[in-house]
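Let me begin by presenting the structure, written as structure tokens, before commenting on it.
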Amino acid sequence: MGWFGFLGARAARGVLVVLLVVVVNFFLIRLAPGDPAQVMAGEMQSDDPALVERLRAEFGLDRSTTQQLRLYLGAVLRGDLGHSYRNHVDVCTLIAERVPATLLLMVSAFVFALVPGVGLGVLAVRARLHRRWRWADGAIFGAAMLLYATPTFWLSLMLVIVFSVQLDWLPAFGMQSGAAAAAGGLAQALDVARHLVLPTVALGTLYMAVYVQLTRAAMLEVLHQDFVRSAQAKGVPPTRILRVHVLRNALLPVLSMAGIQLGQLAGGAILIETVFAWPGIGRLMFDAVSQRDYPLLLGIFLTTAVMVVVFNLVTDVLYRIADPRIARA
């Protein structure tokens with residue numbers, strides 16, 4: 001299959017997945033307890049049944065579920081995600097304002113997890129091959145297991161207590177301070193970077209531990225392959241064997257896992273953005289759930305699904321490039 005057919009097939013599957021997610025999420029949200037009209041009426045400090053019915057009619061909640069689904073699907077296909085009940089703003093506008101912050105956090109956490117994770121995995125294998133340094137392999141593996149077992153919410157709170165409250169090195173909440181935002185330029189970029197450190201570490205630590213274990217296990221498995229033994233018999237230096245022969249083949253499962261976990265970061269960002277008051281779509285989703293804002297919640301679910309599908313498509317492309325055997329098959 002050529003590149004055109006490959007991308008076309010993956011894109012078609014992605015569209016079907018997104019449509020299925022839209023329909024399933026629509027019905028799941030309708031099963032949740034609570035009435036948005038009553039919530040809005042309560043915020044107006046009114047229990048007038050006429051007001052509740054007027055609000056239901058205004059936002060189309062008085063129609064049947066089938067009619068609401070048909071209207072919503074038609075609007076989505078036109079690129080219209082509806083109007084937020086609570087914020088009285090188009091859902092597309094609200095999400096567009098928050099997506100850059102979420103993408104910044106996701107990319108930062110992904111790089112923080114992948115680069116040190118693979119590097120520590122390689123270091124553990126190199127230490128294992130030298131009898132004098134085998135203790136380093138055990139230390140790295142044990143630390144990775146400990147970090148993997150650490151709850152994310154507990155780690156987030158500990159990071160805030162240690163580095164923000166006690167040491168006062170890094171800000172605990174928000175994306176930037178008011179003074180830096182007004183200054184702009186390099187000062188604003190550095191301020192955003194300082195606010196980004198703790199959420200990035202909290203979100204990426206679990207995945208870094210996974211990459212350490214996966215890289216280590218994959219490299220140890222490749223070390224026993226026949227082509228590696230042939231290279232050793234030919235007198236190829238051990239460093240070159242690890243870098244060219246072992247690591248290159250061991251990165252294939254790491255690449256597959258990276259694509260899966262890049263999509264999972266979108267879900268993990270919800271907790272992190274709530275803890276650190278990071279102004280992304282995760283925090284927006286939390287507010288939408290508490291306010292019964294159906295259109296906004298559906299829009300966030302759709303955006304997250306599209307992000308996951310795109311990440312998986314990019315992973316498939318990279319995997320096809322990294323392993324020519326996939327392309328030939």
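Ordered as shown in the structure tokens, chains take letters A, B, and onward, while each chain numbers its residues from 1 and ligands are numbered from 1 in the order shown.
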
Item to check | All helix (DSSP H, G or I) positions in region 149-304 of chain A, as a ChimeraX atom specification | outcome: /A:149,152-166,178-183,185-222,226-233,238-275,281-290,294-304

Within 12 Å of Leu28 (chain A) using only C-alpha atoms, minus same-chain residues under 5 positions, as a PDB file with all heavy atoms, in the first residue's frame:
```pdb
ATOM      1  N   VAL A  21     -17.447   8.634  18.719  1.00  0.00           N
ATOM      2  CA  VAL A  21     -17.223   9.296  20.016  1.00  0.00           C
ATOM      3  C   VAL A  21     -18.277  10.379  20.250  1.00  0.00           C
ATOM      4  O   VAL A  21     -18.801  10.531  21.354  1.00  0.00           O
ATOM      5  CB  VAL A  21     -15.805   9.886  20.072  1.00  0.00           C
ATOM      6  CG1 VAL A  21     -15.653  10.826  21.258  1.00  0.00           C
ATOM      7  CG2 VAL A  21     -14.773   8.774  20.167  1.00  0.00           C
ATOM      8  N   VAL A  22     -18.608  11.123  19.194  1.00  0.00           N
ATOM      9  CA  VAL A  22     -19.613  12.187  19.315  1.00  0.00           C
ATOM     10  C   VAL A  22     -20.959  11.612  19.741  1.00  0.00           C
ATOM     11  O   VAL A  22     -21.619  12.122  20.663  1.00  0.00           O
ATOM     12  CB  VAL A  22     -19.744  12.946  17.980  1.00  0.00           C
ATOM     13  CG1 VAL A  22     -20.959  13.865  18.005  1.00  0.00           C
ATOM     14  CG2 VAL A  22     -18.484  13.769  17.717  1.00  0.00           C
ATOM     15  N   VAL A  23     -21.372  10.526  19.103  1.00  0.00           N
ATOM     16  CA  VAL A  23     -22.683   9.934  19.410  1.00  0.00           C
ATOM     17  C   VAL A  23     -22.690   9.338  20.822  1.00  0.00           C
ATOM     18  O   VAL A  23     -23.631   9.560  21.595  1.00  0.00           O
ATOM     19  CB  VAL A  23     -23.031   8.856  18.362  1.00  0.00           C
ATOM     20  CG1 VAL A  23     -24.326   8.143  18.748  1.00  0.00           C
ATOM     21  CG2 VAL A  23     -23.163   9.493  16.979  1.00  0.00           C
ATOM     22  N   PRO A  33     -27.044  12.853  35.978  1.00  0.00           N
ATOM     23  CA  PRO A  33     -28.109  13.527  36.731  1.00  0.00           C
ATOM     24  C   PRO A  33     -27.969  15.039  36.646  1.00  0.00           C
ATOM     25  O   PRO A  33     -26.880  15.579  36.442  1.00  0.00           O
ATOM     26  CB  PRO A  33     -27.896  13.018  38.159  1.00  0.00           C
ATOM     27  CG  PRO A  33     -26.446  12.667  38.221  1.00  0.00           C
ATOM     28  CD  PRO A  33     -26.098  12.154  36.854  1.00  0.00           C
ATOM     29  N   THR A  65     -34.608  13.541  22.676  1.00  0.00           N
ATOM     30  CA  THR A  65     -33.172  13.242  22.575  1.00  0.00           C
ATOM     31  C   THR A  65     -32.768  12.978  21.125  1.00  0.00           C
ATOM     32  O   THR A  65     -31.698  13.398  20.679  1.00  0.00           O
ATOM     33  CB  THR A  65     -32.841  12.016  23.448  1.00  0.00           C
ATOM     34  OG1 THR A  65     -33.235  12.276  24.799  1.00  0.00           O
ATOM     35  CG2 THR A  65     -31.346  11.731  23.414  1.00  0.00           C
ATOM     36  N   TYR A 294     -23.749  21.292  28.753  1.00  0.00           N
ATOM     37  CA  TYR A 294     -23.673  20.201  27.783  1.00  0.00           C
ATOM     38  C   TYR A 294     -22.928  20.559  26.499  1.00  0.00           C
ATOM     39  O   TYR A 294     -22.047  19.812  26.064  1.00  0.00           O
ATOM     40  CB  TYR A 294     -25.084  19.715  27.445  1.00  0.00           C
ATOM     41  CG  TYR A 294     -25.777  18.965  28.554  1.00  0.00           C
ATOM     42  CD1 TYR A 294     -27.147  18.698  28.489  1.00  0.00           C
ATOM     43  CD2 TYR A 294     -25.075  18.515  29.666  1.00  0.00           C
ATOM     44  CE1 TYR A 294     -27.790  18.005  29.509  1.00  0.00           C
ATOM     45  CE2 TYR A 294     -25.708  17.831  30.677  1.00  0.00           C
ATOM     46  CZ  TYR A 294     -27.067  17.587  30.601  1.00  0.00           C
ATOM     47  OH  TYR A 294     -27.696  16.899  31.607  1.00  0.00           O
ATOM     48  N   LEU A 297     -19.196  20.786  27.151  1.00  0.00           N
ATOM     49  CA  LEU A 297     -18.631  19.482  27.486  1.00  0.00           C
ATOM     50  C   LEU A 297     -18.491  18.605  26.243  1.00  0.00           C
ATOM     51  O   LEU A 297     -17.459  17.947  26.041  1.00  0.00           O
ATOM     52  CB  LEU A 297     -19.521  18.802  28.521  1.00  0.00           C
ATOM     53  CG  LEU A 297     -18.916  17.668  29.350  1.00  0.00           C
ATOM     54  CD1 LEU A 297     -17.654  18.133  30.057  1.00  0.00           C
ATOM     55  CD2 LEU A 297     -19.933  17.152  30.352  1.00  0.00           C
ATOM     56  N   LEU A 298     -19.510  18.597  25.394  1.00  0.00           N
ATOM     57  CA  LEU A 298     -19.430  17.826  24.152  1.00  0.00           C
ATOM     58  C   LEU A 298     -18.343  18.371  23.232  1.00  0.00           C
ATOM     59  O   LEU A 298     -17.642  17.602  22.561  1.00  0.00           O
ATOM     60  CB  LEU A 298     -20.782  17.855  23.442  1.00  0.00           C
ATOM     61  CG  LEU A 298     -21.892  17.019  24.073  1.00  0.00           C
ATOM     62  CD1 LEU A 298     -23.226  17.298  23.390  1.00  0.00           C
ATOM     63  CD2 LEU A 298     -21.561  15.534  23.988  1.00  0.00           C
ATOM     64  N   PHE A 301     -15.013  17.126  24.563  1.00  0.00           N
ATOM     65  CA  PHE A 301     -14.843  15.707  24.244  1.00  0.00           C
ATOM     66  C   PHE A 301     -14.477  15.528  22.768  1.00  0.00           C
ATOM     67  O   PHE A 301     -13.608  14.709  22.428  1.00  0.00           O
ATOM     68  CB  PHE A 301     -16.128  14.942  24.547  1.00  0.00           C
ATOM     69  CG  PHE A 301     -16.367  14.738  26.019  1.00  0.00           C
ATOM     70  CD1 PHE A 301     -17.645  14.474  26.487  1.00  0.00           C
ATOM     71  CD2 PHE A 301     -15.339  14.814  26.931  1.00  0.00           C
ATOM     72  CE1 PHE A 301     -17.879  14.282  27.842  1.00  0.00           C
ATOM     73  CE2 PHE A 301     -15.558  14.634  28.285  1.00  0.00           C
ATOM     74  CZ  PHE A 301     -16.834  14.362  28.734  1.00  0.00           C
TER      75      PHE A 301
END
```

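Ranking A:Thr304, A:Thr315, A:Thr66, A:Gln291 by their shortest atom-to-atom distance to Val18 (chain A), with only C-alpha atoms included, puts A:Thr304 first.
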
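If only C-alpha atoms are the atoms counted, then among A:Ile300, A:Leu313, A:Ala187, A:Leu69 the closest residue to Ala96 (chain A) is A:Ile300.
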
Each residue of region 65-179 of chain A with at least one atom at most 8 Å from region 239-262 of chain A should appear once, together with its nearest atom pair and the corresponding distance in Å (one decimal); atoms considered: only C-alpha atoms; ordering: chain, then increasing residue number; output as JSON lines.
```
{"residue": "A:Met106", "atom": "CA", "partner": "A:Leu262", "partner_atom": "CA", "distance": 7.7}
{"residue": "A:Phe110", "atom": "CA", "partner": "A:Leu262", "partner_atom": "CA", "distance": 6.8}
{"residue": "A:Leu114", "atom": "CA", "partner": "A:Ala258", "partner_atom": "CA", "distance": 7.7}
{"residue": "A:Val122", "atom": "CA", "partner": "A:Leu247", "partner_atom": "CA", "distance": 7.8}
```

Keeping only N, CA and C atoms, write the selected residues as a CSV table (one decimal), in the first residue's frame.
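The resulting result_25.csv:
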```
chain,number,residue,atom,x,y,z
A,106,MET,N,1.0,19.4,27.3
A,106,MET,CA,1.2,18.1,26.8
A,106,MET,C,2.5,17.8,26.1
A,110,PHE,N,5.4,15.4,27.4
A,110,PHE,CA,5.8,14.3,26.6
A,110,PHE,C,7.3,14.3,26.4
A,114,LEU,N,9.8,11.4,27.6
A,114,LEU,CA,10.4,10.5,26.6
A,114,LEU,C,11.9,10.6,26.6
A,122,VAL,N,18.6,3.5,28.5
A,122,VAL,CA,19.9,3.1,27.9
A,122,VAL,C,21.0,3.1,28.9
```

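Proximity ranking of A:Ala209, A:Val236, A:Ala172, A:Ala288 relative to Val197 (chain A) places A:Ala172 first, based on only C-alpha atoms.
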
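Between CA of Leu296 (chain A) and CA of Leu19 (chain A) lies a distance of 16.9 Å.
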
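Across the structure, CA of Ala101 (chain A) and CA of Leu77 (chain A) are spaced 25.8 Å apart.
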
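Take the candidates A:Trp278, A:Val76, A:Arg126, A:Leu71 and check each one against Pro171 (chain A) using only C-alpha atoms; the shortest distance goes to A:Trp278.
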
Per residue of region 95-190 of chain A within 12 Å of region 218-232 of chain A, note the shortest atom pair and the distance in Å to one decimal, counting only C-alpha atoms, and order the rows by chain and increasing residue number, as a tab-separated table.
```
residue	atom	partner	partner_atom	distance
A:Val118	CA	A:Met219	CA	10.5
A:Gly119	CA	A:Met219	CA	12.0
A:Gly121	CA	A:Met219	CA	8.4
A:Val122	CA	A:Met219	CA	7.7
A:Leu123	CA	A:Met219	CA	10.8
A:Ala124	CA	A:Met219	CA	9.9
A:Val125	CA	A:Leu220	CA	7.0
A:Arg126	CA	A:Met219	CA	9.9
A:Ala127	CA	A:Leu220	CA	11.8
A:Arg128	CA	A:Leu220	CA	9.5
A:Leu129	CA	A:Leu220	CA	9.8
A:Asp137	CA	A:Leu220	CA	11.9
```

Next on the checklist: Report as a count of residues only all protein, DNA and RNA residues lying within 12 Å of Gly174 (chain A), evaluated on only C-alpha atoms, omitting residues in the same chain fewer than 4 positions from it.
Outcome noted: 23

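Between CA of Pro100 (chain A) and CA of Val310 (chain A) the separation is 15.7 Å.
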